[in-house]
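K.L.:
To be precise about what I am sending: the file is called protein35.txt and holds compact mmCIF, C-alpha atoms and all ligand atoms.
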```
# COMPACT_ATOMS: atom_id res chain seq x y z
CA MET H 1 -88.92 -74.48 -40.71
CA ARG H 2 -87.98 -72.06 -43.33
CA GLU H 3 -85.13 -70.73 -41.20
CA LYS H 4 -83.80 -74.24 -40.54
CA ASN H 5 -83.61 -74.84 -44.25
CA HIS H 6 -81.72 -71.67 -44.70
CA TRP H 7 -78.97 -72.85 -42.29
CA LYS H 8 -78.90 -76.22 -43.88
CA GLN H 9 -78.40 -74.62 -47.28
CA ILE H 10 -75.43 -72.65 -45.95
CA TRP H 11 -73.91 -75.78 -44.41
CA GLU H 12 -74.28 -77.70 -47.65
CA TYR H 13 -72.74 -74.87 -49.59
CA THR H 14 -69.65 -74.62 -47.32
CA LYS H 15 -69.16 -78.37 -47.45
CA LYS H 16 -69.31 -78.27 -51.20
CA GLN H 17 -66.79 -75.45 -51.43
CA HIS H 18 -64.31 -77.19 -48.99
CA PHE H 19 -64.55 -74.03 -46.93
CA TRP H 20 -63.17 -75.58 -43.74
CA LYS H 21 -60.22 -77.09 -45.49
CA LYS H 22 -59.48 -73.70 -47.00
CA CYS H 23 -59.73 -72.08 -43.58
CA LEU H 24 -57.37 -74.65 -42.13
CA LEU H 25 -54.91 -74.16 -44.95
CA PHE H 26 -55.11 -70.38 -44.55
CA ASP H 27 -54.47 -70.72 -40.81
CA LEU H 28 -51.48 -72.93 -41.46
CA PHE H 29 -50.18 -70.43 -43.99
CA CYS H 30 -50.56 -67.59 -41.45
CA ILE H 31 -48.77 -69.56 -38.76
CA CYS H 32 -45.90 -70.36 -41.11
CA LEU H 33 -45.65 -66.72 -42.20
CA ALA H 34 -45.63 -65.51 -38.60
CA PHE H 35 -42.99 -68.08 -37.75
CA ALA H 36 -40.82 -66.98 -40.68
CA VAL H 37 -41.14 -63.30 -39.69
CA ILE H 38 -40.24 -64.03 -36.07
CA MET H 39 -37.27 -66.18 -37.06
CA SER H 40 -35.87 -63.58 -39.45
CA GLY H 41 -36.33 -60.87 -36.78
CA MET H 42 -34.54 -63.01 -34.26
CA GLY H 43 -31.78 -63.62 -36.74
CA ARG H 44 -31.34 -59.93 -37.34
CA GLY H 45 -31.52 -59.23 -33.60
CA ALA H 46 -28.86 -61.80 -32.94
CA LYS H 47 -26.67 -60.30 -35.64
CA VAL H 48 -27.10 -56.76 -34.21
CA LYS H 49 -26.36 -58.10 -30.75
CA GLN H 50 -23.25 -59.83 -32.06
CA GLN H 51 -22.07 -56.63 -33.75
CA LEU H 52 -22.70 -54.62 -30.57
CA THR H 53 -20.80 -57.12 -28.44
CA ALA H 54 -17.87 -57.06 -30.85
CA ALA H 55 -17.81 -53.23 -30.83
CA LEU H 56 -17.97 -53.12 -27.02
CA GLN H 57 -15.22 -55.70 -26.73
CA LYS H 58 -13.05 -53.69 -29.11
CA GLN H 59 -13.62 -50.53 -27.02
CA GLU H 60 -12.80 -52.41 -23.82
CA ASP H 61 -9.61 -53.83 -25.34
CA ALA H 62 -8.50 -50.35 -26.42
CA LYS H 63 -9.15 -49.03 -22.88
CA LEU H 64 -7.22 -51.90 -21.35
CA THR H 65 -4.25 -51.40 -23.66
CA SER H 66 -4.11 -47.68 -22.89
CA ALA H 67 -4.57 -48.23 -19.14
CA LYS H 68 -1.84 -50.87 -19.18
CA ALA H 69 0.57 -48.58 -21.01
CA GLN H 70 -0.08 -45.74 -18.55
CA GLY H 71 -0.31 -47.97 -15.49
CA ASP H 72 3.04 -49.58 -16.17
CA THR H 73 4.86 -46.28 -16.43
CA GLY H 74 2.65 -43.71 -14.71
CA GLU H 75 3.09 -41.56 -17.79
CA THR H 76 0.80 -39.41 -19.84
CA GLU H 77 0.32 -40.20 -23.54
CA ASP H 78 2.72 -37.35 -24.43
CA GLU H 79 5.39 -38.85 -22.22
CA ILE H 80 4.87 -42.29 -23.70
CA LYS H 81 5.35 -40.76 -27.15
CA ASP H 82 8.50 -38.99 -25.91
CA ASN H 83 9.98 -42.32 -24.95
CA GLN H 84 9.26 -44.06 -28.20
CA ILE H 85 11.84 -43.62 -30.89
CA ASP H 86 11.03 -45.11 -34.28
CA GLY H 87 8.15 -46.98 -32.66
CA GLN H 88 10.46 -48.72 -30.20
CA ASN H 89 10.09 -48.55 -26.44
CA LEU H 90 13.43 -47.67 -24.93
CA GLU H 91 14.39 -48.56 -21.43
CA LYS H 92 14.08 -45.41 -19.35
CA LYS H 93 16.97 -44.06 -17.35
CA LYS H 94 16.14 -41.37 -14.83
CA VAL H 95 18.14 -38.15 -14.53
CA ALA H 96 17.38 -34.88 -12.74
CA LEU H 97 18.12 -31.35 -13.88
CA THR H 98 18.73 -28.93 -11.02
CA PHE H 99 19.08 -25.16 -11.26
CA ASP H 100 20.67 -23.07 -8.49
CA ASP H 101 20.78 -19.40 -7.44
CA GLY H 102 17.45 -18.31 -8.94
CA PRO H 103 14.92 -17.15 -9.59
CA HIS H 104 16.31 -14.90 -12.32
CA PRO H 105 13.88 -12.29 -13.72
CA GLN H 106 14.63 -13.10 -17.38
CA TYR H 107 16.16 -16.55 -17.68
CA THR H 108 14.06 -18.46 -15.15
CA PRO H 109 10.82 -17.71 -17.07
CA GLU H 110 12.63 -18.67 -20.30
CA MET H 111 13.74 -21.92 -18.67
CA ILE H 112 10.19 -22.60 -17.45
CA ALA H 113 8.82 -22.07 -20.98
CA GLY H 114 11.39 -24.42 -22.54
CA LEU H 115 10.76 -27.11 -19.92
CA LYS H 116 7.01 -26.82 -20.43
CA GLU H 117 7.39 -27.22 -24.18
CA ARG H 118 9.32 -30.44 -23.54
CA ASN H 119 7.05 -31.67 -20.77
CA VAL H 120 9.97 -31.82 -18.31
CA LYS H 121 9.93 -31.15 -14.55
CA ALA H 122 13.11 -29.94 -12.87
CA THR H 123 14.27 -28.89 -9.42
CA PHE H 124 15.13 -25.28 -8.58
CA PHE H 125 17.21 -24.46 -5.50
CA LEU H 126 16.28 -20.87 -4.74
CA LEU H 127 18.03 -18.11 -2.85
CA GLY H 128 15.87 -16.35 -0.26
CA GLN H 129 17.07 -12.91 -1.37
CA GLU H 130 15.92 -13.62 -4.95
CA VAL H 131 12.65 -15.21 -3.82
CA GLU H 132 11.94 -11.93 -2.03
CA LYS H 133 12.40 -9.99 -5.31
CA TYR H 134 10.54 -12.33 -7.70
CA PRO H 135 7.72 -14.07 -5.84
CA GLU H 136 5.66 -14.35 -9.05
CA ILE H 137 8.32 -16.54 -10.65
CA VAL H 138 8.43 -18.76 -7.55
CA LYS H 139 4.66 -19.10 -7.77
CA GLN H 140 4.93 -20.04 -11.46
CA LEU H 141 7.60 -22.66 -10.72
CA HIS H 142 5.32 -24.24 -8.14
CA GLU H 143 2.24 -24.09 -10.37
CA GLU H 144 4.12 -25.70 -13.28
CA GLY H 145 4.94 -28.68 -11.06
CA HIS H 146 8.68 -28.09 -10.60
CA GLN H 147 10.28 -28.98 -7.31
CA ILE H 148 11.49 -26.07 -5.20
CA GLY H 149 14.42 -26.47 -2.87
CA ASN H 150 16.31 -24.17 -0.53
CA HIS H 151 19.73 -22.74 -1.44
CA SER H 152 20.04 -20.51 1.69
CA TYR H 153 19.17 -16.84 1.91
CA LYS H 154 22.19 -15.14 0.41
CA HIS H 155 24.59 -17.81 -0.73
CA GLU H 156 26.94 -17.77 2.23
CA GLN H 157 29.09 -20.75 3.16
CA LEU H 158 27.02 -22.22 5.97
CA SER H 159 29.92 -23.95 7.76
CA LYS H 160 31.58 -20.59 8.26
CA LEU H 161 28.55 -19.15 10.04
CA SER H 162 27.45 -19.68 13.60
CA MET H 163 24.78 -22.33 14.06
CA GLU H 164 22.23 -19.61 14.69
CA GLN H 165 23.16 -17.63 11.58
CA ALA H 166 23.23 -20.73 9.40
CA CYS H 167 19.84 -21.84 10.68
CA GLN H 168 18.44 -18.41 10.02
CA GLN H 169 19.67 -18.52 6.39
CA VAL H 170 17.77 -21.73 5.91
CA THR H 171 14.58 -21.17 7.90
CA ARG H 172 14.06 -17.64 6.58
CA THR H 173 14.16 -18.94 3.00
CA ASN H 174 11.86 -21.85 3.87
CA GLU H 175 9.29 -19.45 5.36
CA MET H 176 9.39 -17.23 2.25
CA ILE H 177 8.85 -20.16 -0.09
CA PHE H 178 6.04 -21.44 2.12
CA ASP H 179 4.32 -18.03 2.09
CA ILE H 180 4.23 -18.11 -1.72
CA THR H 181 3.59 -21.79 -2.49
CA GLY H 182 1.98 -23.11 0.70
CA VAL H 183 4.62 -25.86 0.80
CA TYR H 184 7.77 -26.03 2.95
CA PRO H 185 10.77 -27.22 0.92
CA SER H 186 12.10 -30.61 2.01
CA TYR H 187 15.37 -30.39 0.11
CA ILE H 188 18.37 -28.13 0.57
CA ARG H 189 21.44 -27.62 -1.55
CA PRO H 190 23.95 -25.82 0.62
CA PRO H 191 25.95 -23.11 -1.22
CA PHE H 192 29.28 -24.55 -2.45
CA GLY H 193 27.98 -27.98 -1.42
CA ASP H 194 29.19 -27.15 2.06
CA TRP H 195 26.76 -28.34 4.69
CA HIS H 196 26.99 -27.10 8.27
CA GLU H 197 27.70 -30.40 10.02
CA LYS H 198 25.48 -29.69 13.01
CA LEU H 199 22.66 -28.15 11.03
CA ASP H 200 20.98 -31.55 10.70
CA CYS H 201 19.96 -31.24 14.35
CA GLU H 202 18.29 -27.90 13.77
CA VAL H 203 16.77 -28.24 10.35
CA ASN H 204 15.03 -31.39 9.21
CA MET H 205 15.88 -31.24 5.49
CA VAL H 206 17.42 -33.56 2.94
CA GLU H 207 20.74 -32.38 1.52
CA VAL H 208 21.03 -32.68 -2.25
CA LEU H 209 24.41 -32.44 -3.97
CA TRP H 210 25.11 -33.40 -7.64
CA ASP H 211 26.80 -35.91 -9.92
CA VAL H 212 27.52 -33.82 -13.03
CA ASP H 213 28.73 -30.24 -12.57
CA THR H 214 28.25 -28.35 -15.85
CA LEU H 215 30.23 -25.31 -14.61
CA ASP H 216 27.76 -23.33 -16.73
CA TRP H 217 28.17 -20.22 -14.55
CA SER H 218 31.89 -20.21 -15.34
CA SER H 219 32.09 -21.15 -19.04
CA LYS H 220 28.83 -19.56 -20.21
CA ASN H 221 29.47 -21.62 -23.33
CA HIS H 222 26.58 -23.58 -24.81
CA ALA H 223 28.66 -26.35 -26.46
CA GLN H 224 30.90 -26.86 -23.42
CA ILE H 225 27.92 -27.17 -21.08
CA VAL H 226 26.18 -29.68 -23.37
CA ASN H 227 29.35 -31.76 -23.89
CA LYS H 228 30.11 -31.88 -20.19
CA VAL H 229 26.75 -33.52 -19.58
CA LEU H 230 26.68 -35.81 -22.62
CA LYS H 231 30.17 -37.16 -21.86
CA ASN H 232 29.57 -37.86 -18.18
CA ILE H 233 25.89 -38.67 -17.78
CA LYS H 234 24.65 -42.00 -16.45
CA GLU H 235 21.42 -43.29 -14.99
CA ASN H 236 20.17 -41.62 -11.77
CA ASP H 237 22.57 -38.68 -12.08
CA ILE H 238 21.75 -35.23 -10.75
CA ILE H 239 22.92 -32.45 -13.10
CA LEU H 240 23.98 -29.12 -11.62
CA MET H 241 23.13 -26.00 -13.62
CA HIS H 242 22.18 -22.37 -12.93
CA ASP H 243 19.13 -20.64 -14.38
CA GLY H 244 20.71 -17.17 -14.45
CA TYR H 245 22.38 -17.35 -17.88
CA GLU H 246 21.13 -17.47 -21.45
CA THR H 247 23.65 -20.19 -22.37
CA SER H 248 22.37 -22.31 -19.49
CA VAL H 249 18.83 -22.09 -20.87
CA THR H 250 19.80 -23.03 -24.44
CA ALA H 251 22.19 -25.77 -23.25
CA ALA H 252 19.56 -27.25 -20.93
CA MET H 253 17.15 -27.53 -23.87
CA GLU H 254 19.71 -29.29 -26.05
CA ILE H 255 20.62 -31.61 -23.16
CA ILE H 256 16.94 -32.53 -22.73
CA ASP H 257 16.35 -33.10 -26.44
CA THR H 258 19.50 -35.22 -26.85
CA LEU H 259 19.15 -37.32 -23.70
CA LYS H 260 15.47 -38.02 -24.37
CA LYS H 261 16.49 -39.54 -27.69
CA GLN H 262 18.95 -41.73 -25.77
CA GLY H 263 16.13 -43.05 -23.59
CA TYR H 264 16.58 -40.79 -20.57
CA GLU H 265 13.65 -39.51 -18.57
CA PHE H 266 13.84 -36.22 -16.64
CA VAL H 267 12.50 -36.29 -13.09
CA THR H 268 12.68 -34.14 -9.97
CA VAL H 269 15.36 -34.99 -7.38
CA ASP H 270 12.94 -36.69 -4.97
CA GLU H 271 12.44 -39.44 -7.57
CA ILE H 272 16.20 -40.07 -7.71
CA ILE H 273 16.89 -39.84 -3.99
CA PHE H 274 14.01 -42.08 -2.92
CA GLU H 275 14.37 -44.55 -5.79
ZN ZN H 301 24.73 -21.55 -5.71
```
Mind turning the file's structure into structure tokens?

P.N.:
Amino acid sequence: MREKNHWKQIWEYTKKQHFWKKCLLFDLFCICLAFAVIMSGMGRGAKVKQQLTAALQKQEDAKLTSAKAQGDTGETEDEIKDNQIDGQNLEKKKVALTFDDGPHPQYTPEMIAGLKERNVKATFFLLGQEVEKYPEIVKQLHEEGHQIGNHSYKHEQLSKLSMEQACQQVTRTNEMIFDITGVYPSYIRPPFGDWHEKLDCEVNMVEVLWDVDTLDWSSKNHAQIVNKVLKNIKENDIILMHDGYETSVTAAMEIIDTLKKQGYEFVTVDEIIFE
């Protein structure tokens, strides 16, 4: 009986103090607070997500722009820069520099260094007798990405030789180049541009002549060599030079620098022939 009264007293007390109402109010307050916290968290989350999406999109756009620029032209960023003058994209006109009679112990390495500095690939038609003497330079030409062609073994006029002798001049040089680079040359520039008419049957190679003859071996004059090219050059031309003279090296560099500014792009002969 005494205990029952005790409970009753508690009940009366809580009723008097509006305890349950207070509890209900407190619960409501807690729920509202929790709701507010969750909503603000969600808001922040959404904002962070939005920022992340924007950043990712920006990155993706940058990638696409760069891929498009490179995909369109197949160029590296350096090459793209080379072809932009004053922020303008110039239409590219292909030309090929070719160097005969090498390798030369002094001027071919100088030529290679100058071409590398300018990010230009050229084509070198080598003589077997010089390949024999300077295999390291041949290896360097190949490693630097230049195209190597055959210019016979010792610069004899092929049409004046017997078929057997002419073939030997060509195949012997091909074998030497293959031993050094692991690649058989596909292109031949016959000495004096004189192709043995029946040699096609014996040797399966593409003959490469030229469009602009600099006569660099004869003039050995920097300005004359440069002017000869600048006056006569047009799109898809093959320029004939020789890498055995200092003036040919310096002139080739000026030709590259000037023609690049005019929107020309230097390629190896295969890109001109199989255009
Ligand atoms: Zn020659």

K.L.:
Give me the chain H side of the contact with ligand ZN 301 (chain H), cut-off 8 Å, one line per residue showing its nearest atom pair and distance in Å at one decimal, counting all atoms listed in the file, sorted by chain and residue number, as CSV.

P.N.:
```
residue,atom,partner,partner_atom,distance
H:Asp100,CA,H:ZN301,ZN,5.1
H:Asp101,CA,H:ZN301,ZN,4.8
H:His151,CA,H:ZN301,ZN,6.7
H:His155,CA,H:ZN301,ZN,6.2
H:Pro190,CA,H:ZN301,ZN,7.7
H:Pro191,CA,H:ZN301,ZN,4.9
H:Phe192,CA,H:ZN301,ZN,6.4
H:His242,CA,H:ZN301,ZN,7.7
```

K.L.:
What is the distance between CA of Asp194 (chain H) and CA of Leu158 (chain H), in Å to one decimal?

P.N.:
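Pair CA of Asp194 (chain H) / CA of Leu158 (chain H) returns 6.7 Å.
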
K.L.:
Using Å and a single decimal, report how far CA of Asp216 (chain H) sits from CA of Gly128 (chain H).

P.N.:
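Interatomic distance, CA of Gly128 (chain H) to CA of Asp216 (chain H): 21.5 Å.
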
K.L.:
Could you jot down the CA of Phe99 (chain H) to CA of Glu132 (chain H) separation for me, Å, one decimal place?

P.N.:
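Pair CA of Phe99 (chain H) / CA of Glu132 (chain H) returns 17.6 Å.
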
K.L.:
What's around Ile148 (chain H) at 12 Å? Count all atoms listed in the file, leave out sequence neighbours fewer than 3 positions away in its own chain, and write the answer as a ChimeraX atom specification.

P.N.:
/H:98-103,121-128,131,137-145,151,173-174,176-178,180-189,208,268-270

K.L.:
Could you give me, as a ChimeraX atom specification, the residues within 9 Å of Ser248 (chain H), counting all atoms listed in the file and dropping anything in the same chain fewer than 6 positions from it?

P.N.:
/H:107,111,216-217,220-222,225,241-242

K.L.:
Write out as lines of an AutoDock Vina configuration file an axis-aligned box for region 262-273 of chain H: all of its atoms listed in the file, 8 Å added on each side, centre and edge lengths in Å with one decimal.

P.N.:
```
center_x = 15.7
center_y = -38.6
center_z = -14.9
size_x = 22.5
size_y = 24.9
size_z = 37.8
```

K.L.:
Would you mind telling me which residue in H:Glu265, H:Leu115, H:Val226, H:Pro105 lies nearest to Tyr245 (chain H) when using only C-alpha atoms?

P.N.:
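Distance minimum relative to Tyr245 (chain H) lands on H:Pro105.
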
K.L.:
Compile the contact shell of Lys92 (chain H) as a list of chain:residue names: residues with an atom at most 9 Å away, counting all atoms listed in the file, same-chain residues fewer than 5 positions apart removed.

P.N.:
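Neighbouring residues, sequence-local ones excluded: H:Asn83, H:Glu235, H:Gln262, H:Gly263, H:Tyr264, H:Glu265.
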
K.L.:
Determine, counting only C-alpha atoms, every residue of protein, DNA or RNA that lies within 7 Å of (23.8, -24.7, 14.2) in the file coordinates, then give the result as a count of residues only.

P.N.:
8

K.L.:
Residues within 10 Å of (20.1, -30.3, -22.9), file coordinates, counting all atoms listed in the file: what are they? Give the list as number ranges by chain.

P.N.:
H: 97, 222, 225-227, 229-230, 248-260

K.L.:
Just checking: using all atoms listed in the file, which residue out of H:Val267, H:Val206, H:Glu175, H:Asp243 ends up closest to Gly114 (chain H)?

P.N.:
H:Asp243

K.L.:
Find the residue from H:Gln147, H:Gln129, H:Ser219, H:Gln9 that sits nearest to Thr247 (chain H); use all atoms listed in the file when measuring.

P.N.:
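Of H:Gln147, H:Gln129, H:Ser219, H:Gln9, the one nearest Thr247 (chain H), counting all atoms listed in the file, is H:Ser219.
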
K.L.:
Return the single residue from H:Arg172, H:His196, H:Lys228, H:Lys133 that is closest to Gln157 (chain H), with distances computed using only C-alpha atoms.

P.N.:
H:His196
